[in-house]
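Taking it in order: structure first as structure tokens, then the write-up.
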Amino acid sequence: MPDAGAVPLTFGQLSVWRVMAQWPPDRWVETYLSTAARVPDGCPAQRVVEAFGILCRRHESLRTHFVDTPHGPVQYVRPDAGPAQVATVECAGATRAEAQAAARGLTRERIERERDFARRFILVTDRGRPSYAVLVTDHILADGFALRRLRGELTALLGGDDPDGQRWLDETPAQPRELALDQHSEANGGRRQAALDHWRRLLDTLPATLFPVPDEAGHHPGRIEAVLRSPGTRAALGSAAQRLAVPPQGVLLALNSLALATVTGTSQVVLTLQSSNRFTAPWRTLVSSMNQYAPLALDLGAAPDTFAEHARQVQADSFRAYWFGSYDIDAVTALVRAERGITLGFDHFYNFMAQDVPTDEAADALVDRTSQPPLIEPTRPNRQIGPRFDLKVYGGPDLPIHLRADPLLLPQPRLHTLLAWFDEELHRLATDPATRVAEVLARCEAALGPAPARHTAS
């Protein structure tokens with residue numbers, strides 16, 4: 001393939017490329033993302049096909065090939081993706097989640113990025129009538145926000161009600177090629193160097209036994225998962241955030257740091273945040289993969305006395321981690337190899353996507369836990385390798401909190417117990433924000449029972 005028209009990958013695309021290169025190819029499909037737009041009654045299948053075609057013309061990422069070259073991976077944007085190829089699957093009476101599952105069933109083979117566009121279009125029908133338009137993408141093409149934009153635009157194109165989608169359709173979207181050229185430009189050199197200096201400080205201050213984690217550490221198959229669903233937990237988180245004067249994301253992150261310390265038996269923990277890198281125009285609404293991993297190192301041996309102080313400190317530290325969350329992963333990998341002699345790897349993920357948690361006075365009207373107790377249910381994780389501890393929080397009235405773990409680190413009974421502990425502590429913080437860090441840790445240790453061999457990182 002000729003080099004004419006080749007552009008380097010964006011930092012987000014490159015991070016996906018390098019991380020996935022460490023995974024067994026047959027497990028790549030576990031990382032694919034999907035979203036579904038409801039097809040309005042009476043909307044013909046041809047209109048769905050045409051809507052997918054419009055999306056391809058609007059967003060270059062939907063007509064891009066990603067190719068490895070002797071000079072590194074590059075992206076080739078095709079001027080025309082051709083007619084949209086839309087597969088069809090019948091799934092009578094399907095919910096949105098069932099429609100997505102049925103569509104993913106057609107995408108079990110790995111997408112070949114060099115010759116295929118990194119997405120699949122599927123029309124789900126209900127007794128022959130269009131019901132959902134589903135988009136499945138390789139993670140290199142999109143992240144969660146990008147999927148939200150694509151679903152919104154698709155909904156509006158089909159005649160559905162989505163004000164954000166219509167507003168986005170009225171915009172001329174920025175494109176990944178523009179971002180890539182900006183990130184690799186001479187003008188951005190200072191930002192690239194600052195990020196590299198940040199990583200160098202992490203390596204200078206954190207013990208080799210703690211960070212970075214060799215990437216192969218997460219490649220042993222076998223993960224378990226459970227999800228906590230509770231309107232009461234959501235209300236308690238909002239009330240605790242109000243009383244502590246810390247956003248919900250920071251409250252749960254601070255609580256998670258104490259849980260992780262208990263699970264791993266360490267006083268020093270390194271969490272992996274996912275930085276959206278959607279902080280400046282015109283990249284805020286770009287359809288591409290923008291997320292990158294941002295390490296957050298916390299020394300709980302030096303934590304403040306009260307949980308409120310701890311939460312505020314964690315929130316401030318997380319802002320610093322996010323600030324340096326856009327970086328050239330190849331430069332960082334080379335630095336880690338030179339300093340530590342290992343492949344760069346990440347563990348202990350935290351991803352908070354619940355931006356709809358109320359924190360006003362209404363949050364104090366907590367749901368009665370006796371009349372509506374939290375529901376904890378085991379689920380089968382799509383990804384069977386990856387981080388050994390992964391907490392992911394979704395939006396919605398029942399605040400789904402998904403906890404995925406390596407059973408060697410957190411066996412199934414302890415995983416369920418830990419989710420119940422999150423619920424109990426959030427309710428306690430909603431009414432007693434002055435609780436001490438030591439008390440929270442003690443309750444976690446008492447709930448989980450004997451932990452792994454405890455040590456203090458040096």
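Letters A, B, ... mark the chains of the structure tokens in the order given; residue numbers begin at 1 per chain; ligand numbers begin at 1, in order shown.
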Per residue of stretch 160-215 of chain A within 10 Å of stretch 50-64 of chain A, record the nearest atom pair and its distance in Å to one decimal, counting only C-alpha atoms, with rows in chain order and ascending residue number, as CSV.
residue,atom,partner,partner_atom,distance
A:Leu169,CA,A:Arg58,CA,8.8
A:Glu171,CA,A:Arg58,CA,9.9
A:Thr172,CA,A:Arg58,CA,8.0
A:Pro173,CA,A:His59,CA,7.2
A:Ala174,CA,A:His59,CA,8.3
A:Gln175,CA,A:Glu60,CA,6.3
A:Pro176,CA,A:Ser61,CA,6.9
A:Arg177,CA,A:Glu60,CA,8.3
Identify, on the basis of only C-alpha atoms, every residue whose closest approach to stretch 348-356 of chain A does not exceed 7 Å; exclude the query and any residue fewer than 2 positions from it along the same chain; express the result as number ranges by chain.
A: 249, 271-274, 358, 387-395
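Residue neighbourhood of A:Cys444, excluding near-sequence residues (fewer than 5 positions): Ala259, Thr262, Leu418 and Trp421 of chain A, at 8 Å, using only C-alpha atoms.
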Write to file, as a short mmCIF file (atom, residue, chain, number, x, y, z; two decimals), in the first residue's frame, the residues of the selection just made, with N, CA, C and O atoms.
data_model
loop_
_atom_site.label_atom_id
_atom_site.label_comp_id
_atom_site.auth_asym_id
_atom_site.auth_seq_id
_atom_site.Cartn_x
_atom_site.Cartn_y
_atom_site.Cartn_z
N ALA A 259 -10.79 0.37 49.14
CA ALA A 259 -11.13 -1.02 48.82
C ALA A 259 -9.96 -1.73 48.17
O ALA A 259 -9.63 -2.87 48.52
N THR A 262 -7.28 -2.70 50.59
CA THR A 262 -7.66 -3.88 51.37
C THR A 262 -7.52 -5.15 50.54
O THR A 262 -6.99 -6.16 51.01
N LEU A 418 -17.75 -7.13 48.62
CA LEU A 418 -17.17 -5.81 48.42
C LEU A 418 -18.19 -4.85 47.82
O LEU A 418 -18.25 -3.67 48.20
N TRP A 421 -20.34 -3.72 50.50
CA TRP A 421 -19.61 -2.75 51.32
C TRP A 421 -19.66 -1.36 50.71
O TRP A 421 -19.84 -0.37 51.42
#
With distances taken over only C-alpha atoms, which residue among A:Leu296, A:Val124, A:Cys43, A:Val19 lies nearest A:Gly93?
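Of A:Leu296, A:Val124, A:Cys43, A:Val19, the one nearest A:Gly93 is A:Val124, counting only C-alpha atoms.
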Would you kindly return, as number ranges by chain, each protein, DNA or RNA residue with an atom no farther than 8 Å from any atom of A:His139, considering only C-alpha atoms and excluding same-chain residues fewer than 4 positions away?
A: 16, 31-33, 143, 289
Take the selection from the previous step and output its residues with C-alpha atoms, as a PDB file, in the first residue's frame.
ATOM      1  CA  VAL A  16      -5.417   1.284  21.436  1.00  0.00           C
ATOM      2  CA  THR A  31     -12.954  -5.117  23.342  1.00  0.00           C
ATOM      3  CA  TYR A  32     -15.309  -4.112  20.525  1.00  0.00           C
ATOM      4  CA  LEU A  33     -17.915  -1.482  21.403  1.00  0.00           C
ATOM      5  CA  ASP A 143     -14.732   5.500  22.589  1.00  0.00           C
ATOM      6  CA  SER A 289     -10.864   6.854  20.261  1.00  0.00           C
TER       7      SER A 289
END
Go through A:Ala195, A:Val270, A:Ala240, A:Ala442 one by one, measure the shortest atom-to-atom distance of each to A:Pro295 using only C-alpha atoms, and give the residue with the smallest value.
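Counting only C-alpha atoms, the residue closest to A:Pro295 is A:Val270.
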Within 7 Å of A:Pro8 using only C-alpha atoms, minus same-chain residues under 4 positions, as a list in words
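Near A:Pro8, the qualifying residues are Pro73, Val74, Gln75 and Ala180 of chain A.
Between A:Ala303 and the residues A:Leu252, A:Ile122, A:Leu258, A:Ala45, the shortest atom-to-atom distance, using only C-alpha atoms, involves A:Leu258.
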Select from stretch 48-215 of chain A everything DSSP, run on the backbone, classes as strand (DSSP E), then give the selection as a PyMOL selection string.
chain A and resi 64-67+74-77+86-90+119-126+129-137
Dump of N, CA and C atoms for the selected residues, as a CSV table (one decimal), in the first residue's frame:
chain,number,residue,atom,x,y,z
A,64,THR,N,-11.8,4.7,7.5
A,64,THR,CA,-10.3,4.7,7.6
A,64,THR,C,-9.8,3.3,7.8
A,65,HIS,N,-8.6,3.1,7.1
A,65,HIS,CA,-7.8,1.8,7.3
A,65,HIS,C,-6.6,2.2,8.2
A,66,PHE,N,-6.3,1.3,9.1
A,66,PHE,CA,-5.2,1.4,10.0
A,66,PHE,C,-4.1,0.4,9.6
A,67,VAL,N,-2.9,0.9,9.2
A,67,VAL,CA,-1.9,0.0,8.6
A,67,VAL,C,-0.6,0.2,9.3
A,74,VAL,N,-0.1,3.9,10.7
A,74,VAL,CA,-0.6,5.1,10.1
A,74,VAL,C,-2.1,4.9,9.8
A,75,GLN,N,-2.8,6.0,9.5
A,75,GLN,CA,-4.2,5.9,9.1
A,75,GLN,C,-4.3,6.4,7.7
A,76,TYR,N,-5.1,5.7,6.9
A,76,TYR,CA,-5.4,6.1,5.5
A,76,TYR,C,-6.9,6.3,5.5
A,77,VAL,N,-7.3,7.5,5.2
A,77,VAL,CA,-8.7,7.9,5.1
A,77,VAL,C,-9.2,7.8,3.6
A,86,VAL,N,-24.9,-3.4,5.2
A,86,VAL,CA,-25.6,-3.6,6.4
A,86,VAL,C,-26.1,-5.0,6.5
A,87,ALA,N,-25.7,-5.7,7.6
A,87,ALA,CA,-26.2,-7.1,7.8
A,87,ALA,C,-27.5,-7.0,8.5
A,88,THR,N,-28.3,-8.0,8.5
A,88,THR,CA,-29.6,-8.1,9.1
A,88,THR,C,-29.7,-9.3,10.0
A,89,VAL,N,-30.3,-9.1,11.1
A,89,VAL,CA,-30.5,-10.3,12.0
A,89,VAL,C,-31.9,-10.1,12.7
A,90,GLU,N,-32.7,-11.2,12.7
A,90,GLU,CA,-34.0,-11.2,13.3
A,90,GLU,C,-33.9,-11.4,14.8
A,119,ARG,N,-15.5,-1.1,11.6
A,119,ARG,CA,-16.9,-1.1,12.1
A,119,ARG,C,-17.8,-2.0,11.4
A,120,ARG,N,-18.9,-2.4,12.0
A,120,ARG,CA,-19.9,-3.2,11.3
A,120,ARG,C,-21.3,-2.5,11.6
A,121,PHE,N,-22.1,-2.5,10.5
A,121,PHE,CA,-23.5,-2.0,10.6
A,121,PHE,C,-24.5,-3.2,10.6
A,122,ILE,N,-25.4,-3.2,11.5
A,122,ILE,CA,-26.4,-4.3,11.6
A,122,ILE,C,-27.8,-3.7,11.8
A,123,LEU,N,-28.7,-4.3,11.1
A,123,LEU,CA,-30.1,-3.9,11.2
A,123,LEU,C,-30.8,-5.1,11.9
A,124,VAL,N,-31.4,-4.8,13.1
A,124,VAL,CA,-32.1,-5.8,13.9
A,124,VAL,C,-33.6,-5.7,13.5
A,125,THR,N,-34.2,-6.8,13.2
A,125,THR,CA,-35.6,-6.7,12.8
A,125,THR,C,-36.5,-7.5,13.8
A,126,ASP,N,-37.7,-7.1,13.8
A,126,ASP,CA,-38.7,-7.7,14.7
A,126,ASP,C,-39.9,-8.2,13.8
A,129,ARG,N,-39.7,-6.4,10.5
A,129,ARG,CA,-39.8,-4.9,10.6
A,129,ARG,C,-38.5,-4.4,11.2
A,130,PRO,N,-37.9,-3.3,10.7
A,130,PRO,CA,-36.7,-2.7,11.4
A,130,PRO,C,-37.0,-2.3,12.8
A,131,SER,N,-36.2,-2.7,13.7
A,131,SER,CA,-36.4,-2.3,15.1
A,131,SER,C,-35.2,-1.5,15.7
A,132,TYR,N,-34.0,-2.0,15.4
A,132,TYR,CA,-32.8,-1.3,15.9
A,132,TYR,C,-31.7,-1.2,14.8
A,133,ALA,N,-31.0,-0.1,14.8
A,133,ALA,CA,-29.8,0.1,13.9
A,133,ALA,C,-28.6,0.0,14.9
A,134,VAL,N,-27.8,-1.0,14.7
A,134,VAL,CA,-26.7,-1.3,15.6
A,134,VAL,C,-25.4,-1.0,14.9
A,135,LEU,N,-24.5,-0.3,15.7
A,135,LEU,CA,-23.1,-0.1,15.2
A,135,LEU,C,-22.2,-0.7,16.1
A,136,VAL,N,-21.3,-1.6,15.6
A,136,VAL,CA,-20.2,-2.3,16.4
A,136,VAL,C,-18.9,-1.8,15.8
A,137,THR,N,-18.0,-1.3,16.7
A,137,THR,CA,-16.8,-0.8,16.3
A,137,THR,C,-15.6,-1.4,17.0
So that I can see what lies close to A:Arg110, please list as a list in words the residues with an atom at most 7 Å from it, counting only C-alpha atoms and leaving out residues fewer than 5 positions away in the same chain.
Asp26, Trp28 and Val29 of chain A
Given the selection you just returned, output its residues as a file containing N, CA and C atoms, formatted as a JSON list (two decimals), in the first residue's frame.
[["chain", "number", "residue", "atom", "x", "y", "z"],
["A", 26, "ASP", "N", -7.29, -13.54, 19.01],
["A", 26, "ASP", "CA", -8.64, -14.09, 19.07],
["A", 26, "ASP", "C", -9.48, -13.47, 20.19],
["A", 28, "TRP", "N", -9.48, -10.03, 20.63],
["A", 28, "TRP", "CA", -9.72, -8.63, 20.30],
["A", 28, "TRP", "C", -11.21, -8.29, 20.29],
["A", 29, "VAL", "N", -12.03, -9.25, 19.84],
["A", 29, "VAL", "CA", -13.46, -8.96, 19.73],
["A", 29, "VAL", "C", -14.07, -8.65, 21.09]]
